[in-house]
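A quick write-up on the structure given underneath.
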Amino acid sequence: MAERAVAAPDPTTERVPAGTDLVEWYFEQGWTDGLPVVPPTRAKVDEMVAALGGEPDRVECKIPPRHGSLTREVLAINLVMAGCKTDYAPVVRAALLALTAKAFNLNGVQATTHMAGPLLIVNGPVAQAIGMNGGCNAFGSGNRANATIGRAIRLVLLNVGGAWPGELDKSTLGHPGKYTYCVAENEAHSPWAPYHVEKGFAPEDSTVFVIAAEPPHSVTNHVANDPEGILDSICSAMSTIAHNNAVSSGHCAVVIGPEHARTIAAKGWTRHDVRSYLWMNAYNLFSALTFDHRYGKIYNRNLPKHYKREPGSRIPVVPSADNIHLFVIGGEAGRFSAFIPGWGHMTSPVLRSIEGSGDSEKAPICVDGTCYL
Amino acid sequence: MTSNTGQIVFDPRGIVEATPMRLAPRVASLVGARLGVLDNTKWNANRLLKRTAAKLQDRFAFGAVTFYRKESFSKDADPALIKEIAAANDVVLTAIGD
């Protein structure tokens, strides 16, 4: 480090007068998400770089739309600012590598006028090891790992990606998940194999799944004692013309609460049964999507070509059952599930192993360690 | 680098490596120029561009009008497509249309 400082000034650091209020200083620079950051120290940054494998100048990826270079040191700075512990670092790095896979189209996700933001769902033993919450209030506050992993991703998207509201992020509304949007699957209370195992990873592997997503929409059903009743409620949440899947197709996520999951699984339904039922029974009529042509005969080129464009046609919410990504998340008590709409066909979710916790090459459809879904 | 004393602070933004590029020089006249029209695939872009190109054609009598289409409105155009457009046209018209 000393040699580097002599040869060329370190572009990531400078000094401010002793006694400066650093929390305020970072606010003044515009380098926060609107909440106070943890002021990085040399020792904390170095510890975080070590957790990432050393080599502070190594570029992990570039973050669009600004296309800033995410070196390990820059990533470490953002991790410290977010309040992460060092053992969260590999998860955040894996998530950023997934987000910058070409199929995800992070450039579009960051800049769109739509409200979507990246949702991260972690599977495998790492989630428990670092204390992530996939249970009670999983999408809410109160868990350091969920909160700060998601926040670190957001800080990188802002600081390195330049997604400042109104500048490069043109989202009309945004959503609260653009502070942090990070959960784990509740594998311990799921009656089914975890999501990543369904996709070909081993149970002992740990993975990150990223999807550009709207906020979760709650699905309440306290009465059904069979799969069909519960899933019909989820279909109801999915069958509106308002979310982005309705008009732009693509992928979505469905979260089944543990109580609902137990009821469904007790009748022998598999994950595939659930996805297939949702796909077959969640739809909009073409006439509804086109407002009965009240505004002209608009040919919606965002929907797949093979959809029949006639008034009575059922238009699926997403093009196939496999485009519904199913997770069991939530507390043990409560008959609630959630529908999480995606952004549309402009992006693909990405599933990726977390370095050092499984061999992604073993997964069925993987390119360069990244699984395109 | 204000001084070597005081508290250390860190810039979390990372460096942007970019090659500076100049804008193409303006064409002297549109009359007889080759017009490229790039549809960004938003569902009304096509309509807007066709009508605009037709109006411009009446006014300037382009030497040629060629239509192109991006793969997706939310993704960068394929560099090969950009190269093709640059090689075959003097001016380019593009638009989005929600």
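Residues are referred to by chain and number: the chain letter is A, B, ... according to the order shown in the structure tokens, the number counts from 1 in that chain, and ligands are numbered separately from 1 in the order shown.
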(message) For Ser69 (chain A), find every residue with an atom within 8 Å (counting only C-alpha atoms), except residues of its own chain fewer than 4 positions away, and show them as JSON, numbers by chain.
(response) {"A": [59, 60, 61, 62, 63, 160], "B": [14, 15, 16, 17]}
Generate the output file for the selected residues, C-alpha atoms, as a compact mmCIF listing (two decimals), in the first residue's frame.
# COMPACT_ATOMS: atom_id res chain seq x y z
CA VAL A 59 -11.88 -5.31 -10.74
CA GLU A 60 -14.84 -7.60 -10.00
CA CYS A 61 -17.20 -6.01 -12.51
CA LYS A 62 -18.40 -2.67 -13.85
CA ILE A 63 -21.70 -1.25 -12.67
CA VAL A 160 -20.51 2.97 -8.55
CA GLY B 14 -14.86 3.66 -8.41
CA ILE B 15 -13.16 4.93 -11.52
CA VAL B 16 -14.87 5.28 -14.88
CA GLU B 17 -12.62 4.37 -17.77
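For region 81-87 of chain B, the set of protein, DNA and RNA residues having any atom at most 12 Å away, when counting only C-alpha atoms and skipping those fewer than 2 positions along the same chain, is Ala24, Arg34, Leu35, Gly36, Val37, Leu38, Asp39, Val65, Thr66, Phe67, Tyr68, Arg69, Lys70, Glu71, Asp76, Ala77, Asp78, Pro79, Asn89, Asp90, Val91, Val92, Leu93 and Thr94 of chain B.
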Restricting the output to N, CA and C atoms, write the selected residues as a PDB file, in the first residue's frame.
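The resulting out.pdb:
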ATOM      1  N   ALA B  24     -20.141  13.583 -34.297  1.00  0.00           N
ATOM      2  CA  ALA B  24     -19.911  13.648 -35.749  1.00  0.00           C
ATOM      3  C   ALA B  24     -20.189  15.075 -36.210  1.00  0.00           C
ATOM      4  N   ARG B  34     -28.479  10.262 -46.987  1.00  0.00           N
ATOM      5  CA  ARG B  34     -29.009   8.923 -46.690  1.00  0.00           C
ATOM      6  C   ARG B  34     -29.482   8.919 -45.236  1.00  0.00           C
ATOM      7  N   LEU B  35     -30.776   8.669 -45.037  1.00  0.00           N
ATOM      8  CA  LEU B  35     -31.367   8.705 -43.688  1.00  0.00           C
ATOM      9  C   LEU B  35     -31.517   7.287 -43.154  1.00  0.00           C
ATOM     10  N   GLY B  36     -30.967   7.044 -41.972  1.00  0.00           N
ATOM     11  CA  GLY B  36     -31.200   5.780 -41.265  1.00  0.00           C
ATOM     12  C   GLY B  36     -32.226   6.020 -40.181  1.00  0.00           C
ATOM     13  N   VAL B  37     -33.181   5.124 -40.029  1.00  0.00           N
ATOM     14  CA  VAL B  37     -34.225   5.273 -39.003  1.00  0.00           C
ATOM     15  C   VAL B  37     -34.125   4.077 -38.070  1.00  0.00           C
ATOM     16  N   LEU B  38     -33.833   4.346 -36.813  1.00  0.00           N
ATOM     17  CA  LEU B  38     -33.645   3.254 -35.849  1.00  0.00           C
ATOM     18  C   LEU B  38     -34.850   3.159 -34.925  1.00  0.00           C
ATOM     19  N   ASP B  39     -35.580   2.082 -35.047  1.00  0.00           N
ATOM     20  CA  ASP B  39     -36.762   1.804 -34.215  1.00  0.00           C
ATOM     21  C   ASP B  39     -36.273   1.177 -32.912  1.00  0.00           C
ATOM     22  N   VAL B  65     -33.770   6.097 -47.640  1.00  0.00           N
ATOM     23  CA  VAL B  65     -34.281   5.967 -46.261  1.00  0.00           C
ATOM     24  C   VAL B  65     -34.256   4.471 -45.915  1.00  0.00           C
ATOM     25  N   THR B  66     -33.517   4.137 -44.860  1.00  0.00           N
ATOM     26  CA  THR B  66     -33.395   2.731 -44.468  1.00  0.00           C
ATOM     27  C   THR B  66     -33.833   2.562 -43.019  1.00  0.00           C
ATOM     28  N   PHE B  67     -34.695   1.578 -42.789  1.00  0.00           N
ATOM     29  CA  PHE B  67     -35.194   1.332 -41.436  1.00  0.00           C
ATOM     30  C   PHE B  67     -34.391   0.225 -40.760  1.00  0.00           C
ATOM     31  N   TYR B  68     -34.108   0.423 -39.481  1.00  0.00           N
ATOM     32  CA  TYR B  68     -33.401  -0.570 -38.663  1.00  0.00           C
ATOM     33  C   TYR B  68     -34.197  -0.770 -37.381  1.00  0.00           C
ATOM     34  N   ARG B  69     -33.902  -1.888 -36.700  1.00  0.00           N
ATOM     35  CA  ARG B  69     -34.651  -2.219 -35.490  1.00  0.00           C
ATOM     36  C   ARG B  69     -33.695  -2.735 -34.420  1.00  0.00           C
ATOM     37  N   LYS B  70     -33.813  -2.174 -33.217  1.00  0.00           N
ATOM     38  CA  LYS B  70     -33.035  -2.700 -32.093  1.00  0.00           C
ATOM     39  C   LYS B  70     -33.624  -4.029 -31.631  1.00  0.00           C
ATOM     40  N   GLU B  71     -32.814  -4.827 -30.952  1.00  0.00           N
ATOM     41  CA  GLU B  71     -33.307  -6.097 -30.424  1.00  0.00           C
ATOM     42  C   GLU B  71     -34.325  -5.830 -29.308  1.00  0.00           C
ATOM     43  N   ASP B  76     -28.821  -1.859 -25.115  1.00  0.00           N
ATOM     44  CA  ASP B  76     -28.029  -1.157 -26.122  1.00  0.00           C
ATOM     45  C   ASP B  76     -28.193  -1.850 -27.469  1.00  0.00           C
ATOM     46  N   ALA B  77     -28.161  -1.058 -28.518  1.00  0.00           N
ATOM     47  CA  ALA B  77     -28.183  -1.669 -29.856  1.00  0.00           C
ATOM     48  C   ALA B  77     -26.900  -2.471 -30.040  1.00  0.00           C
ATOM     49  N   ASP B  78     -27.008  -3.540 -30.778  1.00  0.00           N
ATOM     50  CA  ASP B  78     -25.851  -4.384 -31.089  1.00  0.00           C
ATOM     51  C   ASP B  78     -24.772  -3.517 -31.758  1.00  0.00           C
ATOM     52  N   PRO B  79     -23.528  -3.566 -31.272  1.00  0.00           N
ATOM     53  CA  PRO B  79     -22.463  -2.751 -31.888  1.00  0.00           C
ATOM     54  C   PRO B  79     -22.352  -2.973 -33.400  1.00  0.00           C
ATOM     55  N   ASN B  89     -25.251   5.397 -43.708  1.00  0.00           N
ATOM     56  CA  ASN B  89     -26.127   6.563 -43.611  1.00  0.00           C
ATOM     57  C   ASN B  89     -25.345   7.836 -43.312  1.00  0.00           C
ATOM     58  N   ASP B  90     -25.951   8.975 -43.683  1.00  0.00           N
ATOM     59  CA  ASP B  90     -25.361  10.278 -43.359  1.00  0.00           C
ATOM     60  C   ASP B  90     -25.977  10.862 -42.101  1.00  0.00           C
ATOM     61  N   VAL B  91     -27.277  10.593 -41.896  1.00  0.00           N
ATOM     62  CA  VAL B  91     -27.977  11.067 -40.697  1.00  0.00           C
ATOM     63  C   VAL B  91     -28.865   9.946 -40.174  1.00  0.00           C
ATOM     64  N   VAL B  92     -29.116  10.006 -38.853  1.00  0.00           N
ATOM     65  CA  VAL B  92     -29.933   8.949 -38.239  1.00  0.00           C
ATOM     66  C   VAL B  92     -31.032   9.592 -37.404  1.00  0.00           C
ATOM     67  N   LEU B  93     -32.204   8.985 -37.493  1.00  0.00           N
ATOM     68  CA  LEU B  93     -33.350   9.419 -36.708  1.00  0.00           C
ATOM     69  C   LEU B  93     -33.758   8.285 -35.782  1.00  0.00           C
ATOM     70  N   THR B  94     -33.951   8.585 -34.499  1.00  0.00           N
ATOM     71  CA  THR B  94     -34.426   7.544 -33.591  1.00  0.00           C
ATOM     72  C   THR B  94     -35.394   8.149 -32.590  1.00  0.00           C
TER      73      THR B  94
END
(request) Would you list, as a PyMOL selection string, the residues of chain B that end up in strand (DSSP E) under DSSP run on this structure's backbone? (result) chain B and resi 7-10+34-39+64-69+91-95
(message) Using only C-alpha atoms, I'd like every residue of chain B that has an atom within 9 Å of chain A; please write them out as a list in words.
(response) Met1, Thr2, Ser3, Asn4, Thr5, Gly6, Gln7, Ile8, Val9, Phe10, Asp11, Pro12, Arg13, Gly14, Ile15, Val16, Glu17, Ala18, Thr41, Lys42, Trp43, Asn44, Ser72, Phe73, Ser74, Lys75 and Asp76 of chain B
Export N, CA and C atoms of the chosen residues as a tab-separated table (two decimals), in the first residue's frame?
chain	number	residue	atom	x	y	z
B	1	MET	N	-6.58	14.94	-1.93
B	1	MET	CA	-5.29	14.96	-1.22
B	1	MET	C	-5.09	16.33	-0.57
B	2	THR	N	-5.87	16.63	0.44
B	2	THR	CA	-5.76	17.95	1.05
B	2	THR	C	-4.56	18.07	1.98
B	3	SER	N	-4.24	16.98	2.69
B	3	SER	CA	-3.07	17.01	3.56
B	3	SER	C	-2.77	15.58	3.99
B	4	ASN	N	-1.67	15.45	4.70
B	4	ASN	CA	-1.34	14.11	5.21
B	4	ASN	C	-1.78	13.91	6.65
B	5	THR	N	-2.45	14.90	7.20
B	5	THR	CA	-2.94	14.75	8.57
B	5	THR	C	-4.46	14.77	8.55
B	6	GLY	N	-5.06	14.60	9.69
B	6	GLY	CA	-6.52	14.60	9.75
B	6	GLY	C	-7.07	13.21	9.54
B	7	GLN	N	-8.38	13.15	9.33
B	7	GLN	CA	-9.04	11.84	9.21
B	7	GLN	C	-9.08	11.39	7.76
B	8	ILE	N	-8.91	10.09	7.58
B	8	ILE	CA	-8.96	9.54	6.23
B	8	ILE	C	-10.42	9.30	5.83
B	9	VAL	N	-10.74	9.66	4.61
B	9	VAL	CA	-12.08	9.38	4.08
B	9	VAL	C	-11.92	8.65	2.75
B	10	PHE	N	-12.96	7.93	2.36
B	10	PHE	CA	-12.87	7.04	1.20
B	10	PHE	C	-13.91	7.41	0.15
B	11	ASP	N	-13.49	7.38	-1.09
B	11	ASP	CA	-14.41	7.63	-2.20
B	11	ASP	C	-15.00	6.28	-2.65
B	12	PRO	N	-16.32	6.10	-2.51
B	12	PRO	CA	-16.91	4.79	-2.80
B	12	PRO	C	-17.34	4.61	-4.26
B	13	ARG	N	-16.95	5.51	-5.16
B	13	ARG	CA	-17.57	5.51	-6.49
B	13	ARG	C	-16.86	4.66	-7.54
B	14	GLY	N	-15.57	4.41	-7.37
B	14	GLY	CA	-14.86	3.66	-8.41
B	14	GLY	C	-14.60	4.52	-9.64
B	15	ILE	N	-13.59	4.13	-10.37
B	15	ILE	CA	-13.16	4.93	-11.52
B	15	ILE	C	-13.96	4.54	-12.76
B	16	VAL	N	-14.25	5.55	-13.58
B	16	VAL	CA	-14.87	5.28	-14.88
B	16	VAL	C	-13.79	5.41	-15.94
B	17	GLU	N	-13.58	4.33	-16.66
B	17	GLU	CA	-12.62	4.37	-17.77
B	17	GLU	C	-13.40	4.54	-19.06
B	18	ALA	N	-13.24	5.68	-19.68
B	18	ALA	CA	-13.99	5.92	-20.91
B	18	ALA	C	-13.09	6.60	-21.93
B	41	THR	N	-38.10	-0.23	-30.71
B	41	THR	CA	-39.05	-1.33	-30.45
B	41	THR	C	-40.10	-1.06	-29.38
B	42	LYS	N	-40.12	0.13	-28.80
B	42	LYS	CA	-41.31	0.46	-27.98
B	42	LYS	C	-42.49	0.51	-28.94
B	43	TRP	N	-43.69	0.14	-28.45
B	43	TRP	CA	-44.73	-0.21	-29.42
B	43	TRP	C	-45.27	0.93	-30.25
B	44	ASN	N	-45.01	2.16	-29.88
B	44	ASN	CA	-45.44	3.24	-30.77
B	44	ASN	C	-44.26	3.94	-31.47
B	72	SER	N	-34.02	-4.88	-28.43
B	72	SER	CA	-34.90	-4.58	-27.31
B	72	SER	C	-34.76	-3.11	-26.94
B	73	PHE	N	-35.89	-2.47	-26.61
B	73	PHE	CA	-35.83	-1.04	-26.28
B	73	PHE	C	-35.01	-0.76	-25.04
B	74	SER	N	-34.87	-1.77	-24.17
B	74	SER	CA	-34.18	-1.51	-22.91
B	74	SER	C	-32.71	-1.91	-22.96
B	75	LYS	N	-32.26	-2.37	-24.11
B	75	LYS	CA	-30.85	-2.79	-24.20
B	75	LYS	C	-30.14	-1.98	-25.28
B	76	ASP	N	-28.82	-1.86	-25.12
B	76	ASP	CA	-28.03	-1.16	-26.12
B	76	ASP	C	-28.19	-1.85	-27.47
(message) According to DSSP computed on the backbone, where in chain B is there helix (DSSP H, G or I)? Give the residues as a ChimeraX atom specification.
(response) /B:45-60,79-88
(message) Set the distance at 12 Å and use only C-alpha atoms: which residues neighbour Gly177 (chain A) once local chain neighbours fewer than 6 positions away are removed? I'd like the list as a PyMOL selection string.
(response) chain A and resi 33+115-120+139-141+146-147+150-151+153-154+183+212-216+340
May I have a table of the residues of region 283-348 of chain A lying at most 6 Å from region 253-265 of chain A, giving each one's closest pair of atoms and their distance in Å to one decimal, counting only C-alpha atoms, ordered by chain and ascending residue number, as JSON lines?
{"residue": "A:Ile324", "atom": "CA", "partner": "A:Ala253", "partner_atom": "CA", "distance": 5.5}
{"residue": "A:His325", "atom": "CA", "partner": "A:Ala253", "partner_atom": "CA", "distance": 4.5}
{"residue": "A:Leu326", "atom": "CA", "partner": "A:Val254", "partner_atom": "CA", "distance": 5.0}
{"residue": "A:Phe327", "atom": "CA", "partner": "A:Val255", "partner_atom": "CA", "distance": 4.9}
{"residue": "A:Val328", "atom": "CA", "partner": "A:Ile256", "partner_atom": "CA", "distance": 4.8}
{"residue": "A:Ile329", "atom": "CA", "partner": "A:Gly257", "partner_atom": "CA", "distance": 5.5}
{"residue": "A:Gly330", "atom": "CA", "partner": "A:Gly257", "partner_atom": "CA", "distance": 5.3}
{"residue": "A:Glu332", "atom": "CA", "partner": "A:Pro258", "partner_atom": "CA", "distance": 5.7}
{"residue": "A:Arg335", "atom": "CA", "partner": "A:Glu259", "partner_atom": "CA", "distance": 5.6}
{"residue": "A:Phe336", "atom": "CA", "partner": "A:Gly257", "partner_atom": "CA", "distance": 5.5}
{"residue": "A:Ser337", "atom": "CA", "partner": "A:Ile256", "partner_atom": "CA", "distance": 4.6}
{"residue": "A:Ala338", "atom": "CA", "partner": "A:Val255", "partner_atom": "CA", "distance": 5.0}
{"residue": "A:Phe339", "atom": "CA", "partner": "A:Val254", "partner_atom": "CA", "distance": 4.7}
{"residue": "A:Ile340", "atom": "CA", "partner": "A:Ala253", "partner_atom": "CA", "distance": 5.0}
